[in-house]
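Here's my_file-v3.pdb, which has PDB, C-alpha atoms and all ligand atoms:
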ATOM      1  CA  MET A   1      68.042 118.821  85.260
ATOM      2  CA  GLY A   2      70.604 116.820  87.168
ATOM      3  CA  ALA A   3      71.779 113.262  86.841
ATOM      4  CA  GLU A   4      70.019 110.319  88.409
ATOM      5  CA  ILE A   5      72.070 109.236  91.402
ATOM      6  CA  ILE A   6      72.884 105.532  91.618
ATOM      7  CA  TYR A   7      72.734 104.764  95.314
ATOM      8  CA  GLY A   8      74.980 101.738  95.713
ATOM      9  CA  LYS A   9      74.146 101.621  99.383
ATOM     10  CA  GLU A  10      70.461 100.930  98.698
ATOM     11  CA  LEU A  11      71.175  98.377  95.985
ATOM     12  CA  ALA A  12      73.700  96.694  98.273
ATOM     13  CA  GLN A  13      71.086  96.443 101.009
ATOM     14  CA  GLU A  14      68.534  94.933  98.605
ATOM     15  CA  LEU A  15      71.040  92.364  97.398
ATOM     16  CA  ARG A  16      72.201  91.522 100.923
ATOM     17  CA  LEU A  17      68.622  90.847 101.950
ATOM     18  CA  LYS A  18      68.230  88.417  99.030
ATOM     19  CA  MET A  19      71.535  86.768  99.944
ATOM     20  CA  LYS A  20      70.424  86.438 103.557
ATOM     21  CA  GLN A  21      67.372  84.498 102.364
ATOM     22  CA  GLU A  22      69.508  82.362 100.050
ATOM     23  CA  VAL A  23      72.017  81.547 102.810
ATOM     24  CA  SER A  24      69.180  80.582 105.106
ATOM     25  CA  GLU A  25      67.977  78.139 102.410
ATOM     26  CA  LEU A  26      71.495  76.789 101.936
ATOM     27  CA  LYS A  27      71.802  76.192 105.668
ATOM     28  CA  ASN A  28      68.648  74.082 105.487
ATOM     29  CA  HIS A  29      70.622  71.904 103.082
ATOM     30  CA  GLY A  30      73.633  71.735 105.366
ATOM     31  CA  ILE A  31      75.680  74.345 103.499
ATOM     32  CA  THR A  32      77.141  77.202 105.531
ATOM     33  CA  PRO A  33      79.318  79.532 103.457
ATOM     34  CA  LYS A  34      82.479  80.527 105.274
ATOM     35  CA  LEU A  35      84.879  83.385 104.618
ATOM     36  CA  THR A  36      88.258  83.676 106.311
ATOM     37  CA  VAL A  37      89.833  87.120 106.291
ATOM     38  CA  VAL A  38      93.525  87.548 107.071
ATOM     39  CA  LEU A  39      94.591  90.975 108.255
ATOM     40  CA  ILE A  40      98.255  91.751 108.783
ATOM     41  CA  GLY A  41      99.332  94.830 110.682
ATOM     42  CA  GLU A  42      97.568  97.913 111.958
ATOM     43  CA  ASP A  43      96.591  99.930 108.871
ATOM     44  CA  PRO A  44      93.463 101.866 109.962
ATOM     45  CA  ALA A  45      91.845 101.829 106.480
ATOM     46  CA  SER A  46      92.351  98.059 106.205
ATOM     47  CA  LYS A  47      90.919  97.561 109.693
ATOM     48  CA  SER A  48      87.869  99.583 108.757
ATOM     49  CA  TYR A  49      87.337  97.603 105.500
ATOM     50  CA  VAL A  50      87.681  94.334 107.370
ATOM     51  CA  LYS A  51      85.108  95.469 109.913
ATOM     52  CA  GLY A  52      82.689  96.185 107.060
ATOM     53  CA  LYS A  53      83.271  92.702 105.669
ATOM     54  CA  GLN A  54      82.525  91.111 109.044
ATOM     55  CA  LYS A  55      79.374  93.154 109.509
ATOM     56  CA  ALA A  56      78.103  92.142 106.072
ATOM     57  CA  SER A  57      78.947  88.478 106.725
ATOM     58  CA  GLU A  58      77.037  88.543 109.972
ATOM     59  CA  TYR A  59      73.988  90.113 108.325
ATOM     60  CA  VAL A  60      73.950  87.719 105.374
ATOM     61  CA  GLY A  61      74.622  84.682 107.570
ATOM     62  CA  VAL A  62      78.041  83.852 106.163
ATOM     63  CA  ASP A  63      80.402  82.405 108.779
ATOM     64  CA  SER A  64      83.343  84.729 109.016
ATOM     65  CA  ASP A  65      86.642  84.198 110.667
ATOM     66  CA  LEU A  66      89.161  86.987 111.131
ATOM     67  CA  ILE A  67      92.807  86.088 111.592
ATOM     68  CA  GLU A  68      94.786  89.109 112.771
ATOM     69  CA  LEU A  69      98.549  88.870 112.613
ATOM     70  CA  PRO A  70     101.326  91.309 113.567
ATOM     71  CA  THR A  71     103.180  93.412 110.962
ATOM     72  CA  GLU A  72     106.346  91.320 111.511
ATOM     73  CA  THR A  73     104.630  88.127 110.308
ATOM     74  CA  SER A  74     106.981  86.398 107.871
ATOM     75  CA  GLU A  75     106.063  85.585 104.301
ATOM     76  CA  GLN A  76     106.756  81.940 105.038
ATOM     77  CA  SER A  77     104.320  81.761 107.945
ATOM     78  CA  LEU A  78     101.639  83.521 105.894
ATOM     79  CA  LEU A  79     102.169  80.986 103.091
ATOM     80  CA  GLU A  80     101.802  78.185 105.631
ATOM     81  CA  LEU A  81      98.580  79.692 106.936
ATOM     82  CA  ILE A  82      97.179  79.945 103.397
ATOM     83  CA  ASP A  83      98.123  76.329 102.773
ATOM     84  CA  LYS A  84      96.191  75.334 105.885
ATOM     85  CA  LEU A  85      93.155  77.353 104.810
ATOM     86  CA  ASN A  86      93.351  75.887 101.290
ATOM     87  CA  GLN A  87      93.023  72.432 102.815
ATOM     88  CA  ASP A  88      90.283  73.319 105.293
ATOM     89  CA  LYS A  89      87.061  72.054 103.714
ATOM     90  CA  ALA A  90      84.933  74.355 105.888
ATOM     91  CA  VAL A  91      86.531  77.460 104.341
ATOM     92  CA  ASN A  92      84.971  78.629 101.068
ATOM     93  CA  GLY A  93      86.662  82.000 100.693
ATOM     94  CA  ILE A  94      90.134  83.232 101.631
ATOM     95  CA  LEU A  95      90.740  86.967 101.617
ATOM     96  CA  VAL A  96      94.133  88.392 102.509
ATOM     97  CA  GLN A  97      93.587  92.095 103.047
ATOM     98  CA  LEU A  98      95.865  94.244 100.894
ATOM     99  CA  PRO A  99      98.184  96.104 101.027
ATOM    100  CA  LEU A 100     100.646  93.794 102.782
ATOM    101  CA  PRO A 101     103.792  94.955 104.630
ATOM    102  CA  ASN A 102     106.737  95.574 102.285
ATOM    103  CA  HIS A 103     108.656  92.441 103.291
ATOM    104  CA  ILE A 104     105.877  90.210 101.960
ATOM    105  CA  ASP A 105     105.567  89.591  98.209
ATOM    106  CA  GLU A 106     101.918  90.349  97.495
ATOM    107  CA  GLN A 107     101.768  88.466  94.195
ATOM    108  CA  LYS A 108     103.303  85.370  95.790
ATOM    109  CA  ILE A 109     100.553  85.433  98.430
ATOM    110  CA  ILE A 110      97.781  85.934  95.876
ATOM    111  CA  GLU A 111      99.118  83.018  93.838
ATOM    112  CA  ALA A 112      99.232  80.753  96.912
ATOM    113  CA  ILE A 113      95.458  80.941  97.397
ATOM    114  CA  ASP A 114      93.531  78.025  95.902
ATOM    115  CA  PRO A 115      91.691  79.521  92.877
ATOM    116  CA  SER A 116      88.527  77.722  94.023
ATOM    117  CA  LYS A 117      88.610  79.908  97.187
ATOM    118  CA  ASP A 118      89.785  83.112  95.493
ATOM    119  CA  VAL A 119      86.737  85.241  96.339
ATOM    120  CA  ASP A 120      88.747  88.416  95.592
ATOM    121  CA  GLY A 121      89.235  87.264  91.999
ATOM    122  CA  PHE A 122      92.906  88.279  92.126
ATOM    123  CA  HIS A 123      94.561  84.918  91.345
ATOM    124  CA  PRO A 124      96.071  84.691  87.848
ATOM    125  CA  VAL A 125      93.730  81.765  87.124
ATOM    126  CA  SER A 126      90.710  83.953  87.949
ATOM    127  CA  VAL A 127      92.157  86.891  86.000
ATOM    128  CA  GLY A 128      92.849  84.680  82.985
ATOM    129  CA  ARG A 129      89.367  83.207  83.052
ATOM    130  CA  MET A 130      87.871  86.697  83.284
ATOM    131  CA  LEU A 131      90.005  87.809  80.322
ATOM    132  CA  THR A 132      88.704  84.938  78.205
ATOM    133  CA  GLY A 133      85.121  85.559  79.320
ATOM    134  CA  LYS A 134      84.820  82.268  81.216
ATOM    135  CA  GLU A 135      82.869  81.821  84.410
ATOM    136  CA  THR A 136      85.016  82.606  87.446
ATOM    137  CA  PHE A 137      85.216  84.716  90.593
ATOM    138  CA  LEU A 138      85.150  88.316  89.412
ATOM    139  CA  PRO A 139      86.942  90.992  91.441
ATOM    140  CA  CYS A 140      84.488  92.625  93.824
ATOM    141  CA  THR A 141      84.742  96.339  93.007
ATOM    142  CA  PRO A 142      84.570  95.872  89.213
ATOM    143  CA  LEU A 143      81.695  93.403  89.592
ATOM    144  CA  GLY A 144      79.939  95.849  91.918
ATOM    145  CA  ILE A 145      80.245  98.592  89.284
ATOM    146  CA  ILE A 146      78.799  96.426  86.492
ATOM    147  CA  THR A 147      75.987  95.326  88.828
ATOM    148  CA  MET A 148      75.143  98.979  89.567
ATOM    149  CA  LEU A 149      74.998  99.847  85.850
ATOM    150  CA  LYS A 150      72.821  96.827  85.123
ATOM    151  CA  SER A 151      70.469  97.688  87.992
ATOM    152  CA  LYS A 152      69.652 100.914  86.094
ATOM    153  CA  HIS A 153      69.441  99.045  82.766
ATOM    154  CA  ILE A 154      72.321 101.126  81.442
ATOM    155  CA  SER A 155      73.404  99.484  78.226
ATOM    156  CA  MET A 156      77.154  99.059  77.789
ATOM    157  CA  GLU A 157      77.093  97.482  74.331
ATOM    158  CA  GLY A 158      78.717  99.687  71.713
ATOM    159  CA  LYS A 159      79.272 102.488  74.216
ATOM    160  CA  HIS A 160      82.598 104.188  74.666
ATOM    161  CA  ALA A 161      83.699 103.394  78.203
ATOM    162  CA  VAL A 162      86.709 105.287  79.509
ATOM    163  CA  VAL A 163      88.504 103.973  82.575
ATOM    164  CA  ILE A 164      90.831 106.370  84.378
ATOM    165  CA  GLY A 165      93.324 104.396  86.442
ATOM    166  CA  ARG A 166      94.973 101.055  85.680
ATOM    167  CA  SER A 167      95.378  99.312  89.020
ATOM    168  CA  ASN A 168      95.192  95.524  89.164
ATOM    169  CA  LEU A 169      92.396  95.783  91.757
ATOM    170  CA  VAL A 170      90.034  98.116  89.921
ATOM    171  CA  GLY A 171      91.062  99.902  86.712
ATOM    172  CA  LYS A 172      92.336  96.989  84.630
ATOM    173  CA  PRO A 173      89.611  94.495  85.576
ATOM    174  CA  VAL A 174      86.683  96.932  85.283
ATOM    175  CA  GLY A 175      87.841  97.751  81.742
ATOM    176  CA  GLN A 176      87.887  94.042  80.972
ATOM    177  CA  LEU A 177      84.369  93.516  82.338
ATOM    178  CA  LEU A 178      83.124  96.479  80.254
ATOM    179  CA  LEU A 179      84.761  94.881  77.204
ATOM    180  CA  ASN A 180      83.035  91.593  78.064
ATOM    181  CA  GLU A 181      79.781  93.612  77.998
ATOM    182  CA  ASN A 182      80.685  94.732  74.454
ATOM    183  CA  ALA A 183      81.719  98.282  75.286
ATOM    184  CA  THR A 184      84.558 100.016  73.432
ATOM    185  CA  VAL A 185      87.098 100.567  76.163
ATOM    186  CA  THR A 186      89.851 103.153  76.543
ATOM    187  CA  TYR A 187      92.198 103.303  79.531
ATOM    188  CA  CYS A 188      93.685 106.581  80.737
ATOM    189  CA  HIS A 189      96.511 106.749  83.261
ATOM    190  CA  SER A 190      99.312 108.930  84.547
ATOM    191  CA  ARG A 191     101.199 108.776  81.224
ATOM    192  CA  THR A 192      98.210 109.558  79.003
ATOM    193  CA  THR A 193      98.926 112.766  77.090
ATOM    194  CA  ASN A 194      95.474 113.703  75.759
ATOM    195  CA  MET A 195      93.365 112.689  78.720
ATOM    196  CA  ASN A 196      90.837 115.518  78.391
ATOM    197  CA  GLU A 197      90.117 114.645  74.741
ATOM    198  CA  VAL A 198      89.507 111.031  75.695
ATOM    199  CA  ILE A 199      87.350 111.906  78.719
ATOM    200  CA  LYS A 200      85.150 114.093  76.497
ATOM    201  CA  MET A 201      84.376 111.016  74.352
ATOM    202  CA  ALA A 202      83.252 108.863  77.257
ATOM    203  CA  ASP A 203      79.654 107.627  77.333
ATOM    204  CA  ILE A 204      80.611 105.765  80.499
ATOM    205  CA  LEU A 205      83.380 107.208  82.661
ATOM    206  CA  ILE A 206      84.916 105.135  85.443
ATOM    207  CA  VAL A 207      87.226 107.140  87.698
ATOM    208  CA  ALA A 208      89.577 105.105  89.893
ATOM    209  CA  VAL A 209      92.533 107.349  90.548
ATOM    210  CA  GLY A 210      92.515 108.099  94.268
ATOM    211  CA  LYS A 211      92.731 111.898  93.962
ATOM    212  CA  GLU A 212      90.135 114.288  95.298
ATOM    213  CA  THR A 213      88.307 116.341  92.582
ATOM    214  CA  PHE A 214      90.382 114.731  89.838
ATOM    215  CA  ILE A 215      87.395 115.093  87.495
ATOM    216  CA  HIS A 216      85.201 118.175  87.200
ATOM    217  CA  GLY A 217      81.855 118.487  85.407
ATOM    218  CA  ASP A 218      83.432 120.692  82.688
ATOM    219  CA  GLN A 219      85.506 117.754  81.478
ATOM    220  CA  ILE A 220      82.702 115.276  80.836
ATOM    221  CA  LYS A 221      80.339 114.819  77.911
ATOM    222  CA  LYS A 222      76.724 115.788  78.487
ATOM    223  CA  GLY A 223      74.701 112.713  79.399
ATOM    224  CA  ALA A 224      77.709 110.597  80.411
ATOM    225  CA  VAL A 225      77.377 107.909  83.052
ATOM    226  CA  VAL A 226      79.914 108.678  85.774
ATOM    227  CA  VAL A 227      81.142 106.068  88.253
ATOM    228  CA  ASP A 228      83.340 107.387  91.052
ATOM    229  CA  VAL A 229      85.499 104.700  92.644
ATOM    230  CA  GLY A 230      87.631 107.114  94.682
ATOM    231  CA  VAL A 231      87.813 106.958  98.449
ATOM    232  CA  ASN A 232      89.706 109.992  99.723
ATOM    233  CA  ARG A 233      89.766 111.905 102.988
ATOM    234  CA  SER A 234      89.302 115.606 102.372
ATOM    235  CA  GLU A 235      91.064 118.232 104.485
ATOM    236  CA  ASN A 236      88.123 118.430 106.869
ATOM    237  CA  GLY A 237      88.140 114.656 107.322
ATOM    238  CA  LYS A 238      85.119 113.988 105.088
ATOM    239  CA  LEU A 239      85.038 110.955 102.784
ATOM    240  CA  VAL A 240      85.123 112.172  99.163
ATOM    241  CA  GLY A 241      85.528 110.583  95.747
ATOM    242  CA  ASP A 242      87.671 111.407  92.701
ATOM    243  CA  VAL A 243      84.862 113.368  91.021
ATOM    244  CA  ASP A 244      83.576 116.817  91.905
ATOM    245  CA  PHE A 245      80.040 115.566  92.481
ATOM    246  CA  ASP A 246      78.108 118.839  92.277
ATOM    247  CA  SER A 247      79.491 119.988  88.935
ATOM    248  CA  ALA A 248      79.475 116.496  87.405
ATOM    249  CA  LYS A 249      75.889 115.834  88.458
ATOM    250  CA  ASP A 250      74.672 118.704  86.264
ATOM    251  CA  LYS A 251      76.300 117.205  83.160
ATOM    252  CA  ALA A 252      75.911 113.463  83.699
ATOM    253  CA  SER A 253      72.835 111.307  83.083
ATOM    254  CA  TYR A 254      73.781 108.966  85.966
ATOM    255  CA  ILE A 255      76.333 109.381  88.706
ATOM    256  CA  THR A 256      77.458 107.401  91.750
ATOM    257  CA  PRO A 257      77.994 109.272  95.035
ATOM    258  CA  VAL A 258      80.826 108.908  97.576
ATOM    259  CA  PRO A 259      80.123 107.671 100.188
ATOM    260  CA  GLY A 260      77.169 105.386  99.510
ATOM    261  CA  GLY A 261      78.071 104.491  95.923
ATOM    262  CA  VAL A 262      80.563 101.846  94.817
ATOM    263  CA  GLY A 263      81.933 101.126  98.323
ATOM    264  CA  PRO A 264      78.990  99.166  99.751
ATOM    265  CA  MET A 265      78.720  97.189  96.503
ATOM    266  CA  THR A 266      82.283  95.872  96.830
ATOM    267  CA  ILE A 267      81.568  94.075 100.088
ATOM    268  CA  THR A 268      78.240  92.838  98.764
ATOM    269  CA  MET A 269      79.992  91.203  95.808
ATOM    270  CA  LEU A 270      82.404  89.563  98.242
ATOM    271  CA  MET A 271      79.389  87.976  99.918
ATOM    272  CA  HIS A 272      78.112  86.915  96.488
ATOM    273  CA  ASN A 273      81.434  85.266  95.619
ATOM    274  CA  THR A 274      81.630  83.483  98.980
ATOM    275  CA  ILE A 275      78.117  82.073  98.578
ATOM    276  CA  GLN A 276      78.902  80.955  95.010
ATOM    277  CA  SER A 277      82.081  79.289  96.249
ATOM    278  CA  ALA A 278      80.168  77.377  98.926
ATOM    279  CA  LYS A 279      77.606  76.196  96.363
ATOM    280  CA  LEU A 280      80.337  75.071  93.944
ATOM    281  CA  ALA A 281      82.254  73.245  96.699
ATOM    282  CA  HIS A 282      79.084  71.425  97.714
ATOM    283  CA  ALA A 283      78.240  70.480  94.113
ATOM    284  CA  LYS A 284      81.720  68.940  93.708
ATOM    285  CA  ARG A 285      81.349  66.635  96.688
TER     286      ARG A 285
HETATM  287  N1  LIG B 301      92.325  96.234  99.888
HETATM  288  C1  LIG B 301      91.520  97.173  99.337
HETATM  289  N2  LIG B 301      90.532  96.586  98.630
HETATM  290  C2  LIG B 301      90.714  95.255  98.732
HETATM  291  C3  LIG B 301      90.013  94.131  98.235
HETATM  292  O1  LIG B 301      89.014  94.226  97.511
HETATM  293  N3  LIG B 301      90.519  92.914  98.578
HETATM  294  C4  LIG B 301      91.629  92.772  99.330
HETATM  295  N4  LIG B 301      92.049  91.545  99.614
HETATM  296  N5  LIG B 301      92.304  93.801  99.815
HETATM  297  C5  LIG B 301      91.846  95.032  99.517
END

Spit out the file's structure as structure tokens when you get a sec.
Ligand code: GUN
Amino acid sequence: MGAEIIYGKELAQELRLKMKQEVSELKNHGITPKLTVVLIGEDPASKSYVKGKQKASEYVGVDSDLIELPTETSEQSLLELIDKLNQDKAVNGILVQLPLPNHIDEQKIIEAIDPSKDVDGFHPVSVGRMLTGKETFLPCTPLGIITMLKSKHISMEGKHAVVIGRSNLVGKPVGQLLLNENATVTYCHSRTTNMNEVIKMADILIVAVGKETFIHGDQIKKGAVVVDVGVNRSENGKLVGDVDFDSAKDKASYITPVPGGVGPMTITMLMHNTIQSAKLAHAKR
């Protein structure tokens, strides 16, 4: 008996269809959600992500604007652009695609975005509100993961959730969201000494490391729920996750595939946040 596969791609499509209907309703009330994406430089992965965001926006009916700027763009001119977008009442969401070129201070840019337009959920105000369990924009990948678990009615309360990886984008916030769902949370990272012991205890295992076949089925507890956040290119150019899917699938109760798992959910949650932002902006008028 193998694990049930959680197809994020299908769930994402279902949710996008619902959002499309909601946006159509909003437009009847004169509300058109708008997302502005800023892309600096020529990073192929970033370009591909941004394309996915535009495609989703188009499908859902969210207005999307892409501002592409050269790698040499100065920090000052990016800050000025953000200031302009902060003041533009038509813009509900501002997303500056990361990573940024080395000469630009990423945190400074994140902090320049008006928290009411922070659809990435990266601003310290959003992070702080998430930490205290208050309503706010939640970061898209972590929110996508929780939404996938909930779609299968997987209970998190009282479960031991182990998060491998502690990035600001995924590892840290997904652990926080699991804690908010009353899980017992352990983080593992590059300095963890007894990682295999901890992994064996995981009822829910979130793997966000960025290394192909970092986790093998032998390492996990029977019946664990395994969420693979990795996006890696294998030697033959195939997209693969951080988990050896075939071996893990025989041990897990649920598992997410790569591709077609967490990835499509991330962009879907971005649409969700942009729509919420538009509704909130309208309510404040
Ligand atoms: N780069 C990779 N993932 C993301 C994301 O979710 N948001 C932004 N802004 N940049 C990213």

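Nearest-residue note for ligand LIG 301 (chain B): choosing from A:Gly261, A:Gly121, A:Gly41, A:Pro115, the minimum distance belongs to A:Gly121, counting all atoms listed in the file.
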
Next item on the list: Please extract the residues at most 6 Å from ligand LIG 301 (chain B), counting all atoms listed in the file, and provide them as a PyMOL selection string, using the chain letters and residue numbers of this document.
Entry: chain A and resi 95-99+120

Next item on the list: Return as a ChimeraX atom specification the set of residues that the PyMOL selection byres (((chain A and resi 160-173) around 8) and not hetatm) yields on the displayed structure.
Entry: /A:122,139,141-142,156,158-159,174-178,183-190,198-199,201-209

Kindly compute an axis-aligned box around the listed atoms of stretch 73-86 of chain A, allowing 8 Å on each side, and express its centre and edge lengths in Å to one decimal as lines of an AutoDock Vina configuration file.
center_x = 100.1
center_y = 81.7
center_z = 105.8
size_x = 29.8
size_y = 28.8
size_z = 25.0

Next item on the list: Apply the PyMOL selection byres (((chain A and resi 112) around 9) and not hetatm) to the displayed file and report the matching residues as a VMD selection string.
Entry: chain A and resid 79 82 to 83 86 107 to 111 113 to 115 123

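For the pair atom CA of A:Glu80 and atom CA of A:Thr136, the interatomic distance is 25.1 Å.
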
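If you look at atom CA of A:Thr147 and atom CA of A:Val62, they are 20.9 Å away from each other.
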
Notebook entry, point to check: Pick from A:Leu239, A:Val125, A:Leu270, A:Leu100: nearest to A:Pro257, with all atoms listed in the file counted?
Noted result: A:Leu239

Notebook entry, point to check: Applied to this file, what does the PyMOL selection byres (((chain A and resi 39) around 6) and not hetatm) return in terms of residues, put as a VMD selection string?
Noted result: chain A and resid 38 40 68 97

Notebook entry, point to check: For the atom pair atom CA of A:Glu106 and atom CA of A:Gln76, what is the interatomic distance in Å to one decimal place?
Noted result: 12.3 Å

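Nearest-residue note for A:Ala3: choosing from A:Pro124, A:Gly217, A:Gly144, A:Gly230, the minimum distance belongs to A:Gly217, counting all atoms listed in the file.
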
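Here the question is which of A:Glu4, A:Leu143, A:His29, A:Ser116 gets nearest to A:Lys284 using only C-alpha atoms, and that residue is A:Ser116.
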
Next item on the list: Would you list the residues near (86.9, 73.1, 103.0) (no more than 12 Å away, in the coordinates of the file, using all atoms listed in the file) as a ChimeraX atom specification?
Entry: /A:31-36,83-94,114,116-117,277-282,284-285
